[in-house]
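Undergrad: Just so it is clear, I am handing over input.cif, which has mmCIF, C-alpha atoms (C1' of nucleotides).
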```cif
data_final
loop_
_atom_site.label_atom_id
_atom_site.label_comp_id
_atom_site.auth_asym_id
_atom_site.auth_seq_id
_atom_site.Cartn_x
_atom_site.Cartn_y
_atom_site.Cartn_z
CA MET A 268 1.84 -2.56 -17.79
CA PRO A 269 5.40 -2.84 -16.72
CA GLN A 270 6.11 -4.05 -13.29
CA VAL A 271 6.89 -1.51 -10.70
CA ASN A 272 10.57 -1.12 -10.20
CA PRO A 273 10.67 0.18 -6.63
CA GLU A 274 13.90 2.06 -7.04
CA VAL A 275 12.87 3.68 -10.26
CA PHE A 276 9.46 4.47 -8.90
CA HIS A 277 10.85 6.15 -5.83
CA ALA A 278 13.34 8.09 -7.87
CA LYS A 279 10.61 9.30 -10.16
CA VAL A 280 8.44 10.31 -7.24
CA TYR A 281 11.25 12.36 -5.81
CA ASP A 282 12.15 13.91 -9.14
CA ILE A 283 8.57 14.87 -9.84
CA THR A 284 8.08 16.22 -6.36
CA ARG A 285 11.14 18.38 -6.86
CA LEU A 286 9.44 19.94 -9.86
CA ILE A 287 6.51 21.26 -7.86
CA PRO A 288 6.90 25.02 -7.92
CA HIS A 289 7.33 27.04 -4.77
CA GLY A 290 3.95 27.97 -3.39
CA ARG A 291 2.06 25.29 -5.29
CA VAL A 292 0.76 21.86 -4.38
CA THR A 293 -0.22 18.66 -6.13
CA SER A 294 -1.71 15.34 -5.10
CA TYR A 295 -0.37 11.87 -4.46
CA GLY A 296 -2.56 10.52 -7.20
CA HIS A 297 -1.29 13.00 -9.74
CA ILE A 298 2.30 12.14 -9.01
CA ALA A 299 1.35 8.50 -9.40
CA ARG A 300 -0.06 9.29 -12.83
CA LEU A 301 3.07 11.17 -13.83
CA THR A 302 5.19 8.17 -12.93
CA GLY A 303 3.10 6.09 -15.28
CA HIS A 304 1.50 4.11 -12.49
CA PRO A 305 -1.84 5.77 -11.81
CA ALA A 306 -2.92 3.10 -9.35
CA HIS A 307 0.03 3.62 -7.07
CA SER A 308 -1.06 6.72 -5.26
CA ARG A 309 -0.60 5.05 -1.92
CA LEU A 310 2.93 4.09 -2.78
CA VAL A 311 3.64 7.72 -3.47
CA GLY A 312 2.72 8.51 0.09
CA SER A 313 4.76 5.59 1.23
CA ALA A 314 7.75 6.80 -0.71
CA LEU A 315 7.47 10.27 0.74
CA LYS A 316 7.07 8.90 4.21
CA PHE A 317 10.51 7.47 4.63
CA LEU A 318 12.02 10.33 2.71
CA GLN A 319 15.16 11.86 4.12
CA ASP A 320 16.36 14.11 1.36
CA PRO A 321 15.61 17.68 2.49
CA ASP A 322 15.84 18.77 -1.12
CA VAL A 323 12.51 17.11 -1.88
CA PRO A 324 9.58 19.36 -1.02
CA TRP A 325 7.32 16.61 0.31
CA HIS A 326 5.10 19.18 1.97
CA ARG A 327 3.78 20.25 -1.43
CA VAL A 328 2.04 16.92 -1.86
CA ILE A 329 -1.43 16.63 -0.41
CA SER A 330 -4.61 14.64 -0.94
CA SER A 331 -6.62 15.12 -4.09
CA SER A 332 -9.46 16.47 -1.97
CA GLY A 333 -7.29 19.42 -1.12
CA ALA A 334 -6.82 18.32 2.47
CA ILE A 335 -3.51 17.74 4.16
CA ALA A 336 -3.28 14.06 4.93
CA ASP A 337 -3.52 13.23 8.58
CA ARG A 338 -0.67 11.02 9.73
CA GLY A 339 -2.50 10.02 12.86
CA ASP A 340 0.27 11.38 15.02
CA GLY A 341 -1.83 13.91 16.85
CA GLY A 342 -1.81 16.26 13.92
CA GLU A 343 1.78 17.35 14.38
CA ALA A 344 3.00 16.26 10.99
CA ALA A 345 0.03 17.84 9.26
CA ALA A 346 0.57 21.01 11.25
CA ARG A 347 4.22 21.14 10.21
CA GLN A 348 3.22 20.65 6.62
CA ALA A 349 0.60 23.36 6.83
CA HIS A 350 3.09 25.67 8.45
CA ARG A 351 5.68 25.17 5.73
CA LEU A 352 3.10 25.77 3.06
CA THR A 353 2.01 28.91 4.82
CA GLN A 354 5.57 30.14 4.68
CA GLU A 355 5.48 29.64 0.94
CA GLY A 356 2.43 31.79 0.62
CA VAL A 357 -0.12 29.02 0.33
CA THR A 358 -3.36 29.94 1.98
CA ILE A 359 -4.43 27.30 4.45
CA ILE A 360 -8.12 27.02 5.06
CA HIS A 361 -8.42 26.14 8.67
CA GLY A 362 -11.80 25.58 10.14
CA ARG A 363 -14.29 28.13 9.04
CA GLY A 364 -12.40 30.63 7.00
CA GLU A 365 -9.28 31.47 5.18
CA GLY A 366 -6.39 33.18 6.78
CA VAL A 367 -7.32 32.02 10.24
CA THR A 368 -4.32 32.13 12.48
CA VAL A 369 -3.16 28.67 13.33
CA ASP A 370 -1.16 27.79 16.37
CA PHE A 371 1.20 25.33 14.76
CA ALA A 372 3.09 24.89 18.00
CA HIS A 373 0.03 23.37 19.59
CA PRO A 374 -1.76 21.54 16.81
CA ASN A 375 -5.27 20.43 17.42
CA PRO A 376 -5.59 16.71 16.73
CA ASN A 377 -8.94 17.40 15.16
CA ALA A 378 -7.66 20.23 13.07
CA LYS A 379 -8.09 19.82 9.37
CA TYR A 380 -6.16 21.86 6.91
CA ARG A 381 -7.46 22.44 3.42
CA ILE A 382 -6.12 24.17 0.37
CA ASN A 383 -7.91 25.71 -2.57
CA MET A 384 -6.67 23.49 -5.36
CA ALA A 385 -8.05 25.80 -8.01
CA LEU A 386 -5.67 28.46 -6.75
CA PHE A 387 -2.58 26.57 -5.67
CA GLY A 388 -2.93 23.25 -7.48
CA TRP A 389 -0.18 22.21 -9.88
CA PHE A 390 -1.34 19.44 -12.21
CA PRO A 391 0.72 19.23 -15.40
CA ASP A 392 -0.34 16.57 -17.86
CA GLN A 393 3.23 15.57 -18.27
CA VAL A 394 6.64 16.37 -16.93
CA HIS A 395 10.05 15.91 -18.42
CA LEU A 396 12.22 13.64 -16.38
CA GLU A 397 15.92 13.41 -16.94
CA GLY A 398 17.58 10.08 -16.78
CA TYR A 399 14.62 7.98 -17.78
CA ASP A 400 13.93 6.66 -21.25
CA GLU A 401 10.30 7.63 -21.51
CA PRO A 402 8.16 9.72 -19.20
CA ASN A 403 5.34 7.23 -18.99
CA ASP A 404 7.21 4.09 -19.73
CA GLU A 405 9.89 2.23 -17.93
CA GLN A 406 10.48 -0.79 -20.01
CA ILE A 407 12.16 -3.57 -18.16
CA GLN A 408 14.95 -4.38 -20.48
CA ASP A 409 18.06 -6.35 -19.80
CA SER A 410 17.92 -5.46 -16.16
CA ASP A 411 16.33 -8.78 -15.33
CA SER A 412 17.57 -11.23 -17.86
CA ASP A 413 17.32 -14.00 -15.34
CA LEU A 414 14.19 -15.46 -16.79
CA THR A 415 16.15 -18.56 -17.59
CA GLU A 416 16.22 -19.15 -13.90
CA PRO A 417 13.05 -20.41 -12.30
CA SER A 418 12.32 -18.67 -9.08
CA ASP A 419 13.28 -21.47 -6.78
CA ASP A 420 16.22 -19.90 -5.12
CA GLU A 421 14.31 -17.39 -3.08
"C1'" DT B 154 -0.25 -18.33 2.01
"C1'" DC B 155 -3.25 -14.93 4.33
"C1'" DG B 156 -4.78 -10.80 6.33
"C1'" DG B 157 -4.17 -6.18 7.82
"C1'" DC B 158 -2.53 -1.71 6.95
"C1'" DG B 159 -1.01 2.58 4.77
"C1'" DG B 160 0.84 10.58 4.19
"C1'" DC B 161 -4.72 7.49 -1.54
"C1'" DG B 162 -8.81 8.04 -4.69
"C1'" DT B 163 -13.41 7.54 -6.17
"C1'" DA B 164 -18.24 6.59 -5.58
"C1'" DC B 165 -22.34 6.80 -2.80
"C1'" DA B 166 -25.51 7.18 1.06
"C1'" DC C 195 -20.94 18.54 4.70
"C1'" DT C 196 -19.56 13.57 7.09
"C1'" DG C 197 -19.20 8.58 7.04
"C1'" DT C 198 -18.82 4.09 4.74
"C1'" DA C 199 -17.28 0.89 1.12
"C1'" DC C 200 -14.14 -0.58 -2.31
"C1'" DG C 201 -10.29 -0.83 -5.37
"C1'" DC C 202 -5.67 -0.23 -5.47
"C1'" DC C 203 -0.73 -2.64 -4.49
"C1'" DG C 204 3.54 -3.27 -1.90
"C1'" DC C 205 4.90 -4.36 2.82
"C1'" DC C 206 5.08 -6.86 7.13
"C1'" DG C 207 3.71 -9.99 10.69
#
```
Would you encode the structure as structure tokens?

TA:
Amino acid sequence: MPQVNPEVFHAKVYDITRLIPHGRVTSYGHIARLTGHPAHSRLVGSALKFLQDPDVPWHRVISSSGAIADRGDGGEAAARQAHRLTQEGVTIIHGRGEGVTVDFAHPNPNAKYRINMALFGWFPDQVHLEGYDEPNDEQIQDSDSDLTEPSDDE
DNA sequence: TCGGCGGCGTACA
DNA sequence: CTGTACGCCGCCG
């Protein structure tokens, strides 16, 4: 397994996220798999967290359980995410039934938003990324040819 | 060096 | 269904 190149990994996460179709959702874990690092699901969330590029539809990435991840901020972030998805036509299951009107302006901290993954899930086995050698492989080539140097300078 | 802590995921009770 | 326990791995104190 190649080491994780943070910059490449983040770039891949953003590129893959950009490929999620309008009105569909996928999971952190699936994006991690598509980057070639299936065990880095948490890093996917981390990458999306400090995301600033408005061109990346971060709101289309949810937990594999179909629930919108709770950021522990009083439910505001999750509410925003649910709201944006609603605007895309994604049905948010809120509480006891589908199509329940949600007051996104006053999110309930205990509110949990779920999505029917069978309907809106987008889980391609593979995606084509431009600018990378191989979809599932980022071979560390000459980028770090400093192996002649022992790591004593750090 | 160590120990928590994540926009997680899976397995079980 | 909910709650707990781990594994995961980079980051930060």

Undergrad: Chain B residues within 12 Å of chain A, counting only C-alpha atoms (C1' of nucleotides): which ones, as a short mmCIF file (atom, residue, chain, number, x, y, z; two decimals) with C-alpha atoms (C1' of nucleotides), keeping the file's coordinate frame?

TA:
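This went into iface.cif:
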```cif
data_model
loop_
_atom_site.label_atom_id
_atom_site.label_comp_id
_atom_site.auth_asym_id
_atom_site.auth_seq_id
_atom_site.Cartn_x
_atom_site.Cartn_y
_atom_site.Cartn_z
"C1'" DC B 158 -2.53 -1.71 6.95
"C1'" DG B 159 -1.01 2.58 4.77
"C1'" DG B 160 0.84 10.58 4.19
"C1'" DC B 161 -4.72 7.49 -1.54
"C1'" DG B 162 -8.81 8.04 -4.69
"C1'" DT B 163 -13.41 7.54 -6.17
#
```

Undergrad: What residues in chain C lie within 9 Å of chain A, counting all atoms listed in the file, written as a PyMOL selection string?

TA: chain C and resi 202-204

Undergrad: Around stretch 196-206 of chain C, fit a box with edges along x, y and z, padding it by 3 Å on each side, then list its centre and edge lengths in Å to one decimal as lines of an AutoDock Vina configuration file.

TA:
```
center_x = -7.2
center_y = 3.4
center_z = 0.8
size_x = 30.6
size_y = 26.4
size_z = 18.6
```

Undergrad: Counting only C-alpha atoms (C1' of nucleotides), which residues sit no farther than 9 Å from the position (-3.6, 24.5, 6.8) in the file's frame? I'd like them as a PyMOL selection string.

TA: chain A and resi 334-335+345-346+348-350+352-353+357-362+369+378-382

Undergrad: Fewer than 6 positions away in the same chain doesn't count, so skip those; otherwise give me all residues within 12 Å of stretch 164-166 of chain B, counting all atoms listed in the file, as number ranges by chain.

TA: C: 196-201

Undergrad: Pick out the residues sitting within 12 Å of A:His395, and hand them over as a PyMOL selection string; count only C-alpha atoms (C1' of nucleotides), and ignore anything fewer than 2 positions along from it in its own chain.

TA: chain A and resi 279+282-283+285-286+301-302+391-393+397-403

Undergrad: Have a look at atom CA of A:Ile287 and atom CA of A:Phe390 and let me know their distance in Å, one decimal.

TA: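 About the pair atom CA of A:Ile287 and atom CA of A:Phe390: they are 9.2 Å apart.
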